[in-house]
>>> print(open('run.cif').read())   # mmCIF, C-alpha atoms, pLDDT in the B column; chains and numbers go by the auth columns
data_work
#
loop_
_atom_site.group_PDB
_atom_site.id
_atom_site.type_symbol
_atom_site.label_atom_id
_atom_site.label_comp_id
_atom_site.label_asym_id
_atom_site.label_seq_id
_atom_site.Cartn_x
_atom_site.Cartn_y
_atom_site.Cartn_z
_atom_site.B_iso_or_equiv
_atom_site.auth_seq_id
_atom_site.auth_asym_id
ATOM 1 C CA MET A 1 27.751 -30.930 -12.389 42.00 696 A
ATOM 2 C CA ASN A 2 29.658 -30.674 -15.622 44.00 697 A
ATOM 3 C CA SER A 3 31.602 -27.418 -15.648 42.00 698 A
ATOM 4 C CA LYS A 4 30.247 -26.508 -19.078 45.00 699 A
ATOM 5 C CA ASN A 5 26.734 -26.264 -17.573 52.00 700 A
ATOM 6 C CA LYS A 6 27.739 -23.853 -14.823 58.00 701 A
ATOM 7 C CA HIS A 7 26.178 -20.403 -15.123 73.00 702 A
ATOM 8 C CA GLN A 8 23.897 -21.543 -17.888 91.00 703 A
ATOM 9 C CA LEU A 9 20.357 -20.299 -17.490 91.00 704 A
ATOM 10 C CA ASN A 10 17.642 -22.810 -16.754 93.00 705 A
ATOM 11 C CA PRO A 11 14.927 -21.852 -19.290 92.00 706 A
ATOM 12 C CA ARG A 12 12.124 -23.381 -17.220 93.00 707 A
ATOM 13 C CA ILE A 13 12.624 -21.980 -13.687 96.00 708 A
ATOM 14 C CA SER A 14 12.603 -18.364 -12.554 96.00 709 A
ATOM 15 C CA ALA A 15 12.480 -16.415 -9.300 98.00 710 A
ATOM 16 C CA ASP A 16 10.332 -13.328 -8.692 98.00 711 A
ATOM 17 C CA CYS A 17 10.557 -10.969 -5.724 98.00 712 A
ATOM 18 C CA VAL A 18 7.835 -8.955 -3.986 98.00 713 A
ATOM 19 C CA VAL A 19 9.570 -6.346 -1.826 98.00 714 A
ATOM 20 C CA PHE A 20 7.345 -4.195 0.391 98.00 715 A
ATOM 21 C CA GLY A 21 8.261 -0.833 1.877 97.00 716 A
ATOM 22 C CA PHE A 22 6.492 1.809 3.978 97.00 717 A
ATOM 23 C CA ASP A 23 6.987 5.584 3.741 95.00 718 A
ATOM 24 C CA PHE A 24 4.973 6.442 6.895 93.00 719 A
ATOM 25 C CA SER A 25 1.834 7.046 4.839 94.00 720 A
ATOM 26 C CA GLN A 26 1.576 4.311 2.202 96.00 721 A
ATOM 27 C CA LEU A 27 2.531 0.674 1.753 97.00 722 A
ATOM 28 C CA LYS A 28 4.586 0.311 -1.411 97.00 723 A
ATOM 29 C CA VAL A 29 6.073 -2.459 -3.524 98.00 724 A
ATOM 30 C CA LEU A 30 9.262 -2.383 -5.565 98.00 725 A
ATOM 31 C CA LEU A 31 8.613 -2.754 -9.302 97.00 726 A
ATOM 32 C CA ILE A 32 10.797 -2.570 -12.374 96.00 727 A
ATOM 33 C CA GLU A 33 9.982 -1.133 -15.771 93.00 728 A
ATOM 34 C CA ARG A 34 11.161 -3.324 -18.597 85.00 729 A
ATOM 35 C CA GLU A 35 11.829 -2.221 -22.153 74.00 730 A
ATOM 36 C CA GLN A 36 8.542 -1.716 -23.935 69.00 731 A
ATOM 37 C CA VAL A 37 7.736 -3.718 -27.031 64.00 732 A
ATOM 38 C CA GLU A 38 6.187 -1.751 -29.880 62.00 733 A
ATOM 39 C CA GLY A 39 2.408 -2.018 -29.796 54.00 734 A
ATOM 40 C CA PHE A 40 2.184 -2.987 -26.117 57.00 735 A
ATOM 41 C CA ASP A 41 2.082 -0.813 -23.005 62.00 736 A
ATOM 42 C CA ILE A 42 2.366 -3.306 -20.114 62.00 737 A
ATOM 43 C CA SER A 43 5.880 -2.654 -18.883 81.00 738 A
ATOM 44 C CA LEU A 44 5.804 -2.900 -15.067 92.00 739 A
ATOM 45 C CA SER A 45 6.728 -6.175 -13.407 95.00 740 A
ATOM 46 C CA LEU A 46 8.155 -7.658 -10.259 97.00 741 A
ATOM 47 C CA PRO A 47 11.943 -8.038 -10.235 97.00 742 A
ATOM 48 C CA GLY A 48 12.421 -11.528 -11.625 97.00 743 A
ATOM 49 C CA ASP A 49 14.413 -13.626 -14.059 95.00 744 A
ATOM 50 C CA LEU A 50 15.594 -17.155 -14.847 95.00 745 A
ATOM 51 C CA ILE A 51 17.847 -18.992 -12.402 97.00 746 A
ATOM 52 C CA PHE A 52 21.276 -20.409 -13.196 95.00 747 A
ATOM 53 C CA GLU A 53 21.800 -24.161 -13.277 94.00 748 A
ATOM 54 C CA ASP A 54 24.435 -24.021 -10.538 93.00 749 A
ATOM 55 C CA GLU A 55 22.597 -21.948 -7.902 95.00 750 A
ATOM 56 C CA ASP A 56 19.926 -22.818 -5.394 95.00 751 A
ATOM 57 C CA LEU A 57 16.628 -20.943 -5.352 97.00 752 A
ATOM 58 C CA ASP A 58 17.407 -18.597 -2.456 96.00 753 A
ATOM 59 C CA MET A 59 20.730 -17.677 -4.030 96.00 754 A
ATOM 60 C CA ALA A 60 19.016 -17.044 -7.362 97.00 755 A
ATOM 61 C CA ALA A 61 16.362 -14.775 -5.846 98.00 756 A
ATOM 62 C CA ASN A 62 18.966 -12.617 -4.097 97.00 757 A
ATOM 63 C CA ARG A 63 21.148 -12.423 -7.215 97.00 758 A
ATOM 64 C CA ILE A 64 18.238 -11.483 -9.482 97.00 759 A
ATOM 65 C CA LEU A 65 16.963 -8.814 -7.095 97.00 760 A
ATOM 66 C CA ASN A 66 20.444 -7.313 -6.888 97.00 761 A
ATOM 67 C CA GLU A 67 21.037 -7.405 -10.646 96.00 762 A
ATOM 68 C CA LEU A 68 17.752 -5.670 -11.466 96.00 763 A
ATOM 69 C CA THR A 69 17.387 -3.198 -8.579 97.00 764 A
ATOM 70 C CA GLY A 70 20.728 -2.947 -6.783 96.00 765 A
ATOM 71 C CA LEU A 71 19.204 -4.169 -3.504 96.00 766 A
ATOM 72 C CA ASN A 72 21.455 -6.598 -1.652 93.00 767 A
ATOM 73 C CA ASP A 73 21.639 -8.546 1.615 89.00 768 A
ATOM 74 C CA ILE A 74 17.864 -8.737 2.016 93.00 769 A
ATOM 75 C CA PHE A 75 16.069 -11.544 3.803 93.00 770 A
ATOM 76 C CA LEU A 76 13.662 -13.159 1.333 96.00 771 A
ATOM 77 C CA GLU A 77 11.005 -15.675 2.292 96.00 772 A
ATOM 78 C CA GLN A 78 9.312 -18.009 -0.179 96.00 773 A
ATOM 79 C CA VAL A 79 5.680 -17.225 -0.981 96.00 774 A
ATOM 80 C CA GLY A 80 5.052 -20.207 -3.226 97.00 775 A
ATOM 81 C CA ALA A 81 5.440 -21.665 -6.708 97.00 776 A
ATOM 82 C CA PHE A 82 3.440 -20.421 -9.686 97.00 777 A
ATOM 83 C CA GLY A 83 3.216 -22.682 -12.692 95.00 778 A
ATOM 84 C CA ASN A 84 -0.070 -22.087 -14.484 93.00 779 A
ATOM 85 C CA PRO A 85 0.440 -23.118 -18.129 90.00 780 A
ATOM 86 C CA ASP A 86 -1.101 -19.789 -19.198 88.00 781 A
ATOM 87 C CA ARG A 87 1.113 -17.559 -17.040 89.00 782 A
ATOM 88 C CA LEU A 88 3.140 -16.485 -20.114 85.00 783 A
ATOM 89 C CA SER A 89 0.180 -16.224 -22.474 84.00 784 A
ATOM 90 C CA LYS A 90 -0.205 -12.433 -22.779 85.00 785 A
ATOM 91 C CA ALA A 91 0.716 -11.141 -26.234 84.00 786 A
ATOM 92 C CA SER A 92 2.812 -8.371 -24.681 84.00 787 A
ATOM 93 C CA ASP A 93 4.794 -10.878 -22.620 85.00 788 A
ATOM 94 C CA LYS A 94 5.355 -13.182 -25.587 86.00 789 A
ATOM 95 C CA ALA A 95 6.664 -10.289 -27.661 84.00 790 A
ATOM 96 C CA TRP A 96 9.013 -9.203 -24.879 85.00 791 A
ATOM 97 C CA LEU A 97 10.295 -12.734 -24.280 86.00 792 A
ATOM 98 C CA LYS A 98 11.121 -13.157 -27.964 85.00 793 A
ATOM 99 C CA ALA A 99 13.309 -10.068 -27.716 81.00 794 A
ATOM 100 C CA VAL A 100 15.287 -11.134 -24.631 81.00 795 A
ATOM 101 C CA ARG A 101 15.260 -14.948 -24.297 84.00 796 A
ATOM 102 C CA GLN A 102 16.874 -17.683 -26.323 83.00 797 A
ATOM 103 C CA LYS A 103 13.920 -20.018 -25.673 83.00 798 A
ATOM 104 C CA PRO A 104 10.899 -17.700 -25.349 82.00 799 A
ATOM 105 C CA GLU A 105 8.359 -20.497 -25.849 85.00 800 A
ATOM 106 C CA GLU A 106 9.499 -22.583 -22.863 87.00 801 A
ATOM 107 C CA ARG A 107 6.983 -23.066 -20.074 91.00 802 A
ATOM 108 C CA VAL A 108 8.396 -21.366 -16.966 94.00 803 A
ATOM 109 C CA VAL A 109 7.587 -22.159 -13.336 97.00 804 A
ATOM 110 C CA THR A 110 8.497 -19.350 -10.963 97.00 805 A
ATOM 111 C CA ILE A 111 9.337 -19.439 -7.264 98.00 806 A
ATOM 112 C CA ALA A 112 8.090 -16.255 -5.627 98.00 807 A
ATOM 113 C CA TYR A 113 9.662 -14.566 -2.618 98.00 808 A
ATOM 114 C CA TYR A 114 8.645 -11.633 -0.486 97.00 809 A
ATOM 115 C CA SER A 115 10.448 -9.273 1.845 96.00 810 A
ATOM 116 C CA LEU A 116 9.770 -6.317 4.150 96.00 811 A
ATOM 117 C CA VAL A 117 12.374 -3.565 4.200 96.00 812 A
ATOM 118 C CA ASN A 118 12.940 -0.115 5.624 95.00 813 A
ATOM 119 C CA MET A 119 12.827 2.023 2.481 94.00 814 A
ATOM 120 C CA ASN A 120 15.297 4.521 3.958 90.00 815 A
ATOM 121 C CA ASN A 121 18.002 1.853 3.874 91.00 816 A
ATOM 122 C CA TYR A 122 17.629 0.990 0.196 92.00 817 A
ATOM 123 C CA GLN A 123 17.869 3.185 -2.884 92.00 818 A
ATOM 124 C CA PRO A 124 16.924 1.116 -5.954 96.00 819 A
ATOM 125 C CA GLN A 125 19.254 1.371 -8.944 95.00 820 A
ATOM 126 C CA ALA A 126 17.912 -0.224 -12.118 95.00 821 A
ATOM 127 C CA SER A 127 20.236 -2.324 -14.249 93.00 822 A
ATOM 128 C CA SER A 128 20.234 -5.297 -16.639 92.00 823 A
ATOM 129 C CA PHE A 129 16.940 -5.266 -18.598 90.00 824 A
ATOM 130 C CA ALA A 130 15.237 -3.011 -16.025 92.00 825 A
ATOM 131 C CA LYS A 131 14.888 0.560 -17.295 91.00 826 A
ATOM 132 C CA THR A 132 13.777 1.834 -13.894 93.00 827 A
ATOM 133 C CA ALA A 133 13.240 0.450 -10.413 96.00 828 A
ATOM 134 C CA CYS A 134 10.835 2.336 -8.200 95.00 829 A
ATOM 135 C CA TRP A 135 8.471 2.110 -5.230 97.00 830 A
ATOM 136 C CA ILE A 136 4.799 2.074 -6.250 96.00 831 A
ATOM 137 C CA PRO A 137 1.865 2.376 -3.771 97.00 832 A
ATOM 138 C CA VAL A 138 0.082 -0.962 -3.573 96.00 833 A
ATOM 139 C CA HIS A 139 -3.333 0.625 -4.150 94.00 834 A
ATOM 140 C CA GLU A 140 -2.160 1.969 -7.521 95.00 835 A
ATOM 141 C CA ILE A 141 -1.238 -1.454 -8.890 95.00 836 A
ATOM 142 C CA SER A 142 -3.887 -3.028 -11.126 92.00 837 A
ATOM 143 C CA GLU A 143 -1.949 -4.799 -13.874 91.00 838 A
ATOM 144 C CA LEU A 144 1.533 -6.262 -14.159 94.00 839 A
ATOM 145 C CA ALA A 145 3.433 -8.393 -16.649 92.00 840 A
ATOM 146 C CA PHE A 146 2.973 -12.177 -16.778 93.00 841 A
ATOM 147 C CA ASP A 147 1.061 -13.382 -13.688 95.00 842 A
ATOM 148 C CA HIS A 148 2.917 -10.953 -11.442 96.00 843 A
ATOM 149 C CA TYR A 149 -0.290 -9.270 -10.281 97.00 844 A
ATOM 150 C CA THR A 150 -1.471 -12.624 -8.907 97.00 845 A
ATOM 151 C CA ILE A 151 1.899 -13.189 -7.212 98.00 846 A
ATOM 152 C CA PHE A 152 1.748 -9.679 -5.744 98.00 847 A
ATOM 153 C CA GLN A 153 -1.772 -10.312 -4.400 98.00 848 A
ATOM 154 C CA VAL A 154 -0.730 -13.619 -2.803 98.00 849 A
ATOM 155 C CA ALA A 155 2.265 -11.945 -1.133 98.00 850 A
ATOM 156 C CA LEU A 156 0.083 -9.082 0.103 97.00 851 A
ATOM 157 C CA LYS A 157 -2.403 -11.525 1.625 96.00 852 A
ATOM 158 C CA LYS A 158 0.474 -13.357 3.296 96.00 853 A
ATOM 159 C CA LEU A 159 1.599 -10.054 4.796 95.00 854 A
ATOM 160 C CA LYS A 160 -1.926 -9.245 6.037 93.00 855 A
ATOM 161 C CA ASP A 161 -2.290 -12.697 7.597 92.00 856 A
ATOM 162 C CA LYS A 162 1.160 -12.831 9.120 91.00 857 A
ATOM 163 C CA ILE A 163 1.017 -9.440 10.827 90.00 858 A
ATOM 164 C CA LYS A 164 -1.865 -10.803 12.929 86.00 859 A
ATOM 165 C CA THR A 165 0.363 -13.469 14.492 86.00 860 A
ATOM 166 C CA GLN A 166 3.830 -11.910 14.285 87.00 861 A
ATOM 167 C CA PRO A 167 4.935 -8.273 14.695 86.00 862 A
ATOM 168 C CA ILE A 168 6.683 -8.351 11.307 89.00 863 A
ATOM 169 C CA GLY A 169 5.713 -4.748 10.589 89.00 864 A
ATOM 170 C CA PHE A 170 8.735 -3.560 12.532 92.00 865 A
ATOM 171 C CA ASN A 171 10.867 -4.629 9.564 93.00 866 A
ATOM 172 C CA LEU A 172 9.267 -1.807 7.580 95.00 867 A
ATOM 173 C CA LEU A 173 10.140 0.856 10.139 95.00 868 A
ATOM 174 C CA PRO A 174 13.382 2.540 11.171 94.00 869 A
ATOM 175 C CA GLU A 175 14.898 1.580 14.511 94.00 870 A
ATOM 176 C CA LYS A 176 13.190 4.548 16.167 95.00 871 A
ATOM 177 C CA PHE A 177 9.523 5.299 15.437 96.00 872 A
ATOM 178 C CA THR A 178 6.465 6.887 17.000 96.00 873 A
ATOM 179 C CA LEU A 179 3.340 5.001 18.035 95.00 874 A
ATOM 180 C CA SER A 180 1.404 7.027 15.461 95.00 875 A
ATOM 181 C CA GLN A 181 3.709 5.750 12.716 95.00 876 A
ATOM 182 C CA LEU A 182 3.291 2.185 13.946 95.00 877 A
ATOM 183 C CA HIS A 183 -0.481 2.633 14.112 95.00 878 A
ATOM 184 C CA LYS A 184 -0.566 3.979 10.538 96.00 879 A
ATOM 185 C CA LEU A 185 1.518 1.029 9.346 95.00 880 A
ATOM 186 C CA TYR A 186 -0.969 -1.485 10.719 94.00 881 A
ATOM 187 C CA GLU A 187 -3.866 0.430 9.174 94.00 882 A
ATOM 188 C CA VAL A 188 -2.379 0.510 5.670 94.00 883 A
ATOM 189 C CA ILE A 189 -1.394 -3.164 5.780 94.00 884 A
ATOM 190 C CA LEU A 190 -4.762 -4.361 7.083 92.00 885 A
ATOM 191 C CA GLY A 191 -6.664 -1.893 4.921 91.00 886 A
ATOM 192 C CA ARG A 192 -8.974 -0.636 7.660 93.00 887 A
ATOM 193 C CA ASP A 193 -9.161 1.900 10.464 95.00 888 A
ATOM 194 C CA LEU A 194 -7.956 0.853 13.897 94.00 889 A
ATOM 195 C CA ASP A 195 -8.953 2.556 17.120 95.00 890 A
ATOM 196 C CA LYS A 196 -5.871 4.520 18.091 94.00 891 A
ATOM 197 C CA ARG A 197 -6.386 4.281 21.840 94.00 892 A
ATOM 198 C CA ASN A 198 -6.912 0.502 21.808 94.00 893 A
ATOM 199 C CA PHE A 199 -3.956 0.029 19.505 93.00 894 A
ATOM 200 C CA ARG A 200 -1.581 1.935 21.757 94.00 895 A
ATOM 201 C CA ARG A 201 -2.923 0.223 24.864 93.00 896 A
ATOM 202 C CA LYS A 202 -2.311 -3.234 23.389 92.00 897 A
ATOM 203 C CA MET A 203 1.186 -2.452 22.132 91.00 898 A
ATOM 204 C CA LEU A 204 2.236 -1.051 25.499 93.00 899 A
ATOM 205 C CA LYS A 205 0.589 -3.902 27.404 92.00 900 A
ATOM 206 C CA LEU A 206 2.453 -6.505 25.332 91.00 901 A
ATOM 207 C CA LYS A 207 5.693 -4.629 26.075 92.00 902 A
ATOM 208 C CA ILE A 208 7.049 -5.352 22.590 92.00 903 A
ATOM 209 C CA VAL A 209 7.790 -1.643 22.232 94.00 904 A
ATOM 210 C CA GLU A 210 9.750 0.425 24.706 94.00 905 A
ATOM 211 C CA SER A 211 9.920 4.184 25.017 95.00 906 A
ATOM 212 C CA LEU A 212 13.105 6.126 24.389 95.00 907 A
ATOM 213 C CA ASP A 213 14.277 9.376 25.960 95.00 908 A
ATOM 214 C CA GLU A 214 13.938 11.053 22.578 95.00 909 A
ATOM 215 C CA LYS A 215 11.260 12.990 20.761 93.00 910 A
ATOM 216 C CA GLN A 216 10.735 14.165 17.224 86.00 911 A
ATOM 217 C CA GLU A 217 12.448 17.353 16.155 87.00 912 A
ATOM 218 C CA GLY A 218 11.524 19.921 13.547 83.00 913 A
ATOM 219 C CA VAL A 219 7.906 18.779 13.162 82.00 914 A
ATOM 220 C CA PRO A 220 4.960 21.210 12.709 84.00 915 A
ATOM 221 C CA HIS A 221 3.070 19.607 15.584 85.00 916 A
ATOM 222 C CA LYS A 222 3.711 18.589 19.164 87.00 917 A
ATOM 223 C CA PRO A 223 6.771 16.302 19.045 89.00 918 A
ATOM 224 C CA SER A 224 5.949 12.650 19.672 93.00 919 A
ATOM 225 C CA GLN A 225 8.045 10.320 21.754 95.00 920 A
ATOM 226 C CA PHE A 226 10.148 7.706 19.985 96.00 921 A
ATOM 227 C CA PHE A 227 9.877 3.986 20.660 96.00 922 A
ATOM 228 C CA LYS A 228 11.811 0.919 19.569 95.00 923 A
ATOM 229 C CA PHE A 229 10.984 -2.767 19.158 95.00 924 A
ATOM 230 C CA ASN A 230 11.828 -4.897 22.206 93.00 925 A
ATOM 231 C CA GLU A 231 12.937 -8.189 20.684 91.00 926 A
ATOM 232 C CA GLU A 232 13.692 -9.776 24.073 93.00 927 A
ATOM 233 C CA ASN A 233 10.133 -9.288 25.337 91.00 928 A
ATOM 234 C CA TYR A 234 8.744 -10.495 22.004 90.00 929 A
ATOM 235 C CA THR A 235 10.838 -13.681 22.228 90.00 930 A
ATOM 236 C CA GLN A 236 9.572 -14.259 25.747 91.00 931 A
ATOM 237 C CA LEU A 237 5.968 -13.938 24.583 89.00 932 A
ATOM 238 C CA ILE A 238 6.568 -16.462 21.805 88.00 933 A
ATOM 239 C CA GLN A 239 8.152 -18.895 24.246 90.00 934 A
ATOM 240 C CA ASN A 240 5.067 -18.549 26.434 88.00 935 A
ATOM 241 C CA GLY A 241 2.852 -19.473 23.488 87.00 936 A
ATOM 242 C CA TYR A 242 1.444 -16.026 22.701 87.00 937 A
ATOM 243 C CA ASP A 243 0.444 -15.687 19.027 81.00 938 A
ATOM 244 C CA ASN A 244 -2.019 -12.821 18.720 81.00 939 A
ATOM 245 C CA PHE A 245 -0.237 -9.638 17.714 79.00 940 A
ATOM 246 C CA GLY A 246 -2.965 -8.489 15.344 73.00 941 A
ATOM 247 C CA PHE A 247 -6.081 -6.344 15.573 73.00 942 A
#
>>> encode(input="run.cif", output="C-alpha cells")
Amino acid sequence: MNSKNKHQLNPRISADCVVFGFDFSQLKVLLIEREQVEGFDISLSLPGDLIFEDEDLDMAANRILNELTGLNDIFLEQVGAFGNPDRLSKASDKAWLKAVRQKPEERVVTIAYYSLVNMNNYQPQASSFAKTACWIPVHEISELAFDHYTIFQVALKKLKDKIKTQPIGFNLLPEKFTLSQLHKLYEVILGRDLDKRNFRRKMLKLKIVESLDEKQEGVPHKPSQFFKFNEENYTQLIQNGYDNFGF
C-alpha cells in the first residue's frame, strides 16, 4: 500500500461494538453519548467509527472501542455486516455526520462486533467525539443513532441463542460468584424465570462449576458459598459432544 494512504480513513466501512456487562441484577450494554446537533435529541449510540485503510477489521474494532471508551484488550466477536442503504437516513444522523465527517454523504457498511465483559474490570472513559461512555440497562434502550438499535438487537439475540449451547455467561461474572448470581444472570439474559432448584441441580451435575472454601462476607443475609467456572470439565464435555448448556 502506498505510504500516503496509510492511516487515511475509509469513508465507506466502519466498525461498531456491542459490549455487554452484568451488575448482578441487570444486563447492560456500553453506549456513548455523542455531541448533540441543534434541533435533534438522539445522541446515544454504540461505540463505532470508520476504519483506517491500513488496518484489518478486528484491529479497527479494538482501536475504535479504545478511542471512544478507554476499554482495551477485549475479545470481540463479529456479529455480522450491516449495509442497508437507509441506515444513515435519519435527519439527526445526517446533521451529525455533516459536522464530523469529510464525506458525510458516503454510503457506509458497518461490521458489528460483540463482547461479554466483567464490568468490575473496566471503567469506561469517554474520549474523541464521545461526550460520555456509560453502562445502560438493555431494557431501557428503545432508540439509538443510525441503525444501532437493530445491531444491538441482533447481538442480544446472538447472546440469548449462544448461552443455550455454550456457558459464555461466565465471561460476565467475576472469578468467584454464587449460584444465585449465576442463576440471576441466566434469567436476565433469557428474559424469563428459571426454576432455581433445577438450575442449581443442572449446573452441579454438569460439573462446570466447582465450590470454593469461601463464603460471602458483610452481606445482610446468610452468606452464600462461592463457586468458580471449571474450564477443564467444560472442555471435556465439549470433546464428548455435549452442547446443551441452556435452560
>>> residues_around(input="run.cif", residues="Glu905 (chain A)", least_positions_apart="5", cutoff="7 Å", atoms="only C-alpha atoms", output="VMD selection string")
chain A and resid 922 to 925
>>> atom_distance(input="run.cif", atom1="CA of Leu739 (chain A)", atom2="CA of Gln773 (chain A)")
21.5 Å
>>> atom_distance(input="run.cif", atom1="CA of Pro706 (chain A)", atom2="CA of Glu772 (chain A)")
22.8 Å
>>> resolve_selection(input="run.cif", expression="the PyMOL selection byres ((chain A and resi 767) around 12)", output="PyMOL selection string")
chain A and resi 714+754+756-766+768-771+810+812+816-820
>>> residues_around(input="run.cif", residues="Thr845 (chain A)", least_positions_apart="2", cutoff="12 Å", atoms="all atoms listed in the file", output="list of chain:residue names")
A:Asp711, A:Val713, A:Ser740, A:Leu741, A:Val774, A:Gly775, A:Ala776, A:Phe777, A:Gly778, A:Asn779, A:Arg782, A:Ala807, A:Ile836, A:Ser837, A:Glu838, A:Leu839, A:Ala840, A:Phe841, A:Asp842, A:His843, A:Phe847, A:Gln848, A:Val849, A:Ala850, A:Leu851, A:Lys852
>>> residues_around(input="run.cif", residues="region 787-800 of chain A", least_positions_apart="2", cutoff="12 Å", atoms="all atoms listed in the file", output="PDB file with C-alpha atoms, in the frame of the given file")
ATOM      1  CA  GLN A 703      23.897 -21.543 -17.888  1.00 91.00           C
ATOM      2  CA  LEU A 704      20.357 -20.299 -17.490  1.00 91.00           C
ATOM      3  CA  ASN A 705      17.642 -22.810 -16.754  1.00 93.00           C
ATOM      4  CA  PRO A 706      14.927 -21.852 -19.290  1.00 92.00           C
ATOM      5  CA  ARG A 707      12.124 -23.381 -17.220  1.00 93.00           C
ATOM      6  CA  ARG A 729      11.161  -3.324 -18.597  1.00 85.00           C
ATOM      7  CA  GLU A 730      11.829  -2.221 -22.153  1.00 74.00           C
ATOM      8  CA  GLN A 731       8.542  -1.716 -23.935  1.00 69.00           C
ATOM      9  CA  VAL A 732       7.736  -3.718 -27.031  1.00 64.00           C
ATOM     10  CA  GLU A 733       6.187  -1.751 -29.880  1.00 62.00           C
ATOM     11  CA  GLY A 734       2.408  -2.018 -29.796  1.00 54.00           C
ATOM     12  CA  PHE A 735       2.184  -2.987 -26.117  1.00 57.00           C
ATOM     13  CA  ASP A 736       2.082  -0.813 -23.005  1.00 62.00           C
ATOM     14  CA  ILE A 737       2.366  -3.306 -20.114  1.00 62.00           C
ATOM     15  CA  SER A 738       5.880  -2.654 -18.883  1.00 81.00           C
ATOM     16  CA  LEU A 739       5.804  -2.900 -15.067  1.00 92.00           C
ATOM     17  CA  SER A 740       6.728  -6.175 -13.407  1.00 95.00           C
ATOM     18  CA  ASP A 744      14.413 -13.626 -14.059  1.00 95.00           C
ATOM     19  CA  LEU A 745      15.594 -17.155 -14.847  1.00 95.00           C
ATOM     20  CA  PRO A 780       0.440 -23.118 -18.129  1.00 90.00           C
ATOM     21  CA  ASP A 781      -1.101 -19.789 -19.198  1.00 88.00           C
ATOM     22  CA  ARG A 782       1.113 -17.559 -17.040  1.00 89.00           C
ATOM     23  CA  LEU A 783       3.140 -16.485 -20.114  1.00 85.00           C
ATOM     24  CA  SER A 784       0.180 -16.224 -22.474  1.00 84.00           C
ATOM     25  CA  LYS A 785      -0.205 -12.433 -22.779  1.00 85.00           C
ATOM     26  CA  ARG A 802       6.983 -23.066 -20.074  1.00 91.00           C
ATOM     27  CA  VAL A 803       8.396 -21.366 -16.966  1.00 94.00           C
ATOM     28  CA  SER A 823      20.234  -5.297 -16.639  1.00 92.00           C
ATOM     29  CA  PHE A 824      16.940  -5.266 -18.598  1.00 90.00           C
ATOM     30  CA  ALA A 825      15.237  -3.011 -16.025  1.00 92.00           C
ATOM     31  CA  LEU A 839       1.533  -6.262 -14.159  1.00 94.00           C
ATOM     32  CA  ALA A 840       3.433  -8.393 -16.649  1.00 92.00           C
ATOM     33  CA  PHE A 841       2.973 -12.177 -16.778  1.00 93.00           C
ATOM     34  CA  ASP A 842       1.061 -13.382 -13.688  1.00 95.00           C
ATOM     35  CA  HIS A 843       2.917 -10.953 -11.442  1.00 96.00           C
TER      36      HIS A 843
END
>>> residues_around(input="run.cif", residues="Pro918 (chain A)", least_positions_apart="6", cutoff="10 Å", atoms="all atoms listed in the file", output="list in words")
Thr873, Glu909, Lys910, Gln911 and Glu912 of chain A
>>> closest_residue(input="run.cif", among="A:Leu854, A:Leu752, A:Leu726, A:Leu874", to="Gly886 (chain A)", atoms="all atoms listed in the file")
A:Leu854
>>> atom_distance(input="run.cif", atom1="CA of Gly936 (chain A)", atom2="CA of Gln876 (chain A)")
27.4 Å
>>> decode(input="run.cif", residues="region 815-843 of chain A", atoms="C-alpha atoms", output="short mmCIF file (atom, residue, chain, number, x, y, z; two decimals), in the first residue's frame")
data_model
loop_
_atom_site.label_atom_id
_atom_site.label_comp_id
_atom_site.auth_asym_id
_atom_site.auth_seq_id
_atom_site.Cartn_x
_atom_site.Cartn_y
_atom_site.Cartn_z
CA ASN A 815 -15.76 -4.61 37.54
CA ASN A 816 -12.66 -4.89 35.35
CA TYR A 817 -13.49 -1.98 33.07
CA GLN A 818 -14.19 1.66 33.88
CA PRO A 819 -15.25 3.46 30.68
CA GLN A 820 -13.55 6.78 29.96
CA ALA A 821 -15.10 8.75 27.11
CA SER A 822 -12.83 10.44 24.59
CA SER A 823 -12.69 11.50 20.93
CA PHE A 824 -16.22 12.53 19.85
CA ALA A 825 -17.84 10.65 22.75
CA LYS A 826 -19.05 13.02 25.47
CA THR A 827 -19.78 10.16 27.86
CA ALA A 828 -19.45 6.40 27.93
CA CYS A 829 -21.75 4.54 30.28
CA TRP A 830 -23.49 1.24 31.00
CA ILE A 831 -27.21 1.31 30.19
CA PRO A 832 -29.69 -1.49 31.15
CA VAL A 833 -30.77 -3.29 28.00
CA HIS A 834 -34.46 -2.97 28.87
CA GLU A 835 -34.15 0.83 28.88
CA ILE A 836 -32.86 1.02 25.31
CA SER A 837 -35.52 1.86 22.71
CA GLU A 838 -33.79 4.13 20.21
CA LEU A 839 -30.20 4.65 19.12
CA ALA A 840 -28.40 6.55 16.38
CA PHE A 841 -28.17 5.17 12.83
CA ASP A 842 -29.27 1.51 12.76
CA HIS A 843 -27.54 0.79 16.05
#
